[in-house]
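Report on one structure; see the data block that follows.
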Amino acid sequence: MPQILLFGAGKSATVLIDYLKKTALVKNWHVVVADADLLMAQQKVGNHLLVRAVELAVEEEIPRKKLINESDVVISMLPASLHYLVAVDCVNHGKHLLTASYIDASISQMSDEISKKDLLFLCEMGLDPGIDHMSAMQLIHSIQNKGGKIQSFQSHCGGLVAPESDDNPWHYKLSWNPRNVILAGKAGAVYVDNCEIKNKDYEELFVNCQEVSIEGVGQLAFYPNRDSLSYQSLYGLEDTTTFIRTTLRYPGFCKGWEWIVKAGLTEEQNSIDTTNLTIAAFLQNHFAKHELNYLSLPELVQSQLQFIGWNENTLLNKGLLSSAAILQSILEKKWLLQPADKDMVVMLHEIDYTLDKTTHFLKSSLVVKGQDQLHTAMAKTVGLPLGIAATLLMEGKLTARGLLIPTIPSIYEPVLHVLKSEGILFIESES
């Protein structure tokens, strides 16, 4: 019987597992969900005739290879650093692989072998990257097919807390990998703005963030996301005067995170003994070390620091950790989504183009709200593209092969069509 193998049952896999459970019954397929945390995997799988949870740390070579060899399509929701272990086995055993992560150098080196074995390794197949690529390319190709010429392309995306669950001065709660939130922006950013290549260091990213208006949401701030230039050619937009991909946050978040960065609270290379160290001492020591005066900070930032424990005498007692790891442990509690809380995913594409000597401005926006703490908008928008692509691949409806991201019509058209039926659809306006 055909089988899909999923590695990872964490935060972003909840809706994906639900989709695979539903699909397994309709198609009479087997699904295996493998995770080091068996209880978590079992809770998400439940009682199902065709879907089973297995306990597996992906580093366990023999059982990992056995599961991959028994499957037809493999989905990896593991941390990006672990995809390579799965990818090597998928190549060796001739299995297709889907991930939501960026393509890294180790997997890029396997490109020729993937093609020779007639496999599809589809990466960047989540939300951002993923839905952003597919929706953007659909717009870009539509404009170009009409004879339009694109001058400017801006793409914004963010995972936020829904307004009805927004009850803290950061205007933020965790709906995905906390470590990625803490370390976001560490690599800085490069993009094109009005024909000028701009590089921003990490320390600059959150300073004086620009804002954009989203219908139904209001004003959001954005900061540049990683290396936009590498996608300019992938999107076929080398001649655009502006090309930028960004991350969205509520404006207050950027104002506060600017000071978190200035205080060195996201430092990864240091080591701090947290024995008998209070949250207050941890935060205050960092600000003092960087000669930052709490009383001179904006009132909003003071309230944000108070919220995460500026005067809190709770002991950390977590052994030796980096500043970033300590901050993560604090924010995992302070920014916790409560059981009834809803998160929200927002995406906006802004495109300036000319057609028949007339200038046009196109906006295409997506707003998705979660149901609760587990069935989040983040889990839905990250997981569904993977589940849909795996299903189409199993059905023989995805025929592209090689190491790819979803920027070609034969991938994005069928996936976006099914996403629309799942409530993930864009609203367009043009002027």
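Labels used: A, B, ... for chains in the order of the structure tokens, numbers from 1 for residues in each chain, and numbers from 1 for ligands as shown.
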
Polymer residues at most 12 Å from Ile197 in chain A, only C-alpha atoms, same-chain spacing of 2 or more positions, as a list of chain:residue names: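 Residues near the query, excluding close chain neighbours: A:Ala189, A:Val190, A:Tyr191, A:Val192, A:Asp193, A:Asn194, A:Cys195, A:Asn199, A:Lys200, A:Asp227, A:Ser228, A:Leu229, A:Gln232, A:Thr240, A:Thr241, A:Thr242, A:Phe243, A:Ile244.
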
Export, as a JSON list (two decimals), in the first residue's frame, the selected residues with C-alpha atoms.
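The result, written out as selection-v2.json:
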[["chain", "number", "residue", "atom", "x", "y", "z"],
["A", 189, "ALA", "CA", 19.65, 41.47, 4.92],
["A", 190, "VAL", "CA", 20.37, 42.53, 1.36],
["A", 191, "TYR", "CA", 17.86, 43.85, -1.15],
["A", 192, "VAL", "CA", 17.37, 46.30, -4.03],
["A", 193, "ASP", "CA", 15.71, 49.66, -3.37],
["A", 194, "ASN", "CA", 15.28, 52.10, -6.25],
["A", 195, "CYS", "CA", 18.16, 50.59, -8.23],
["A", 199, "ASN", "CA", 22.90, 45.82, 2.96],
["A", 200, "LYS", "CA", 21.58, 45.97, 6.51],
["A", 227, "ASP", "CA", 18.97, 37.71, 1.02],
["A", 228, "SER", "CA", 16.32, 39.07, -1.34],
["A", 229, "LEU", "CA", 18.82, 39.27, -4.21],
["A", 232, "GLN", "CA", 15.35, 38.29, -7.81],
["A", 240, "THR", "CA", 13.21, 45.55, -11.38],
["A", 241, "THR", "CA", 14.30, 48.77, -9.70],
["A", 242, "THR", "CA", 13.06, 47.53, -6.30],
["A", 243, "PHE", "CA", 13.01, 43.94, -5.05],
["A", 244, "ILE", "CA", 12.57, 43.11, -1.39]]

Expected answer as a list in words: strand (DSSP E) residues in range 248-284 of chain A: Leu248, Arg249, Ile272 and Asp273 of chain A

Separation of CA of Ala80 in chain A from CA of Ala24 in chain A in Å: 26.5 Å

Given only C-alpha atoms as the counted atoms, nearest of A:Ile388, A:Leu183, A:Leu25, A:Val73 to Glu413 in chain A: A:Ile388

Residue nearest Thr359 in chain A among A:Ile279, A:Ser431, A:Asn47, A:Ala41 (counting only C-alpha atoms):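 Checking each candidate against Thr359 in chain A, we get A:Ser431 as the closest.
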
Write out as JSON lines the residues of range 102-195 of chain A that have any atom within 9 Å of an atom of range 296-310 of chain A, one row each with the nearest atom pair and its distance in Å to one decimal, counting only C-alpha atoms, sorted by chain and then rising number.
{"residue": "A:Asn168", "atom": "CA", "partner": "A:Phe307", "partner_atom": "CA", "distance": 7.6}
{"residue": "A:Pro169", "atom": "CA", "partner": "A:Gln304", "partner_atom": "CA", "distance": 5.5}
{"residue": "A:Trp170", "atom": "CA", "partner": "A:Gln304", "partner_atom": "CA", "distance": 6.0}

Non-local contacts of Lys342 in chain A (12 Å; only C-alpha atoms; under 3 positions in same chain excluded) as a ChimeraX atom specification: /A:159-167,172-175,336-339,345,368-379
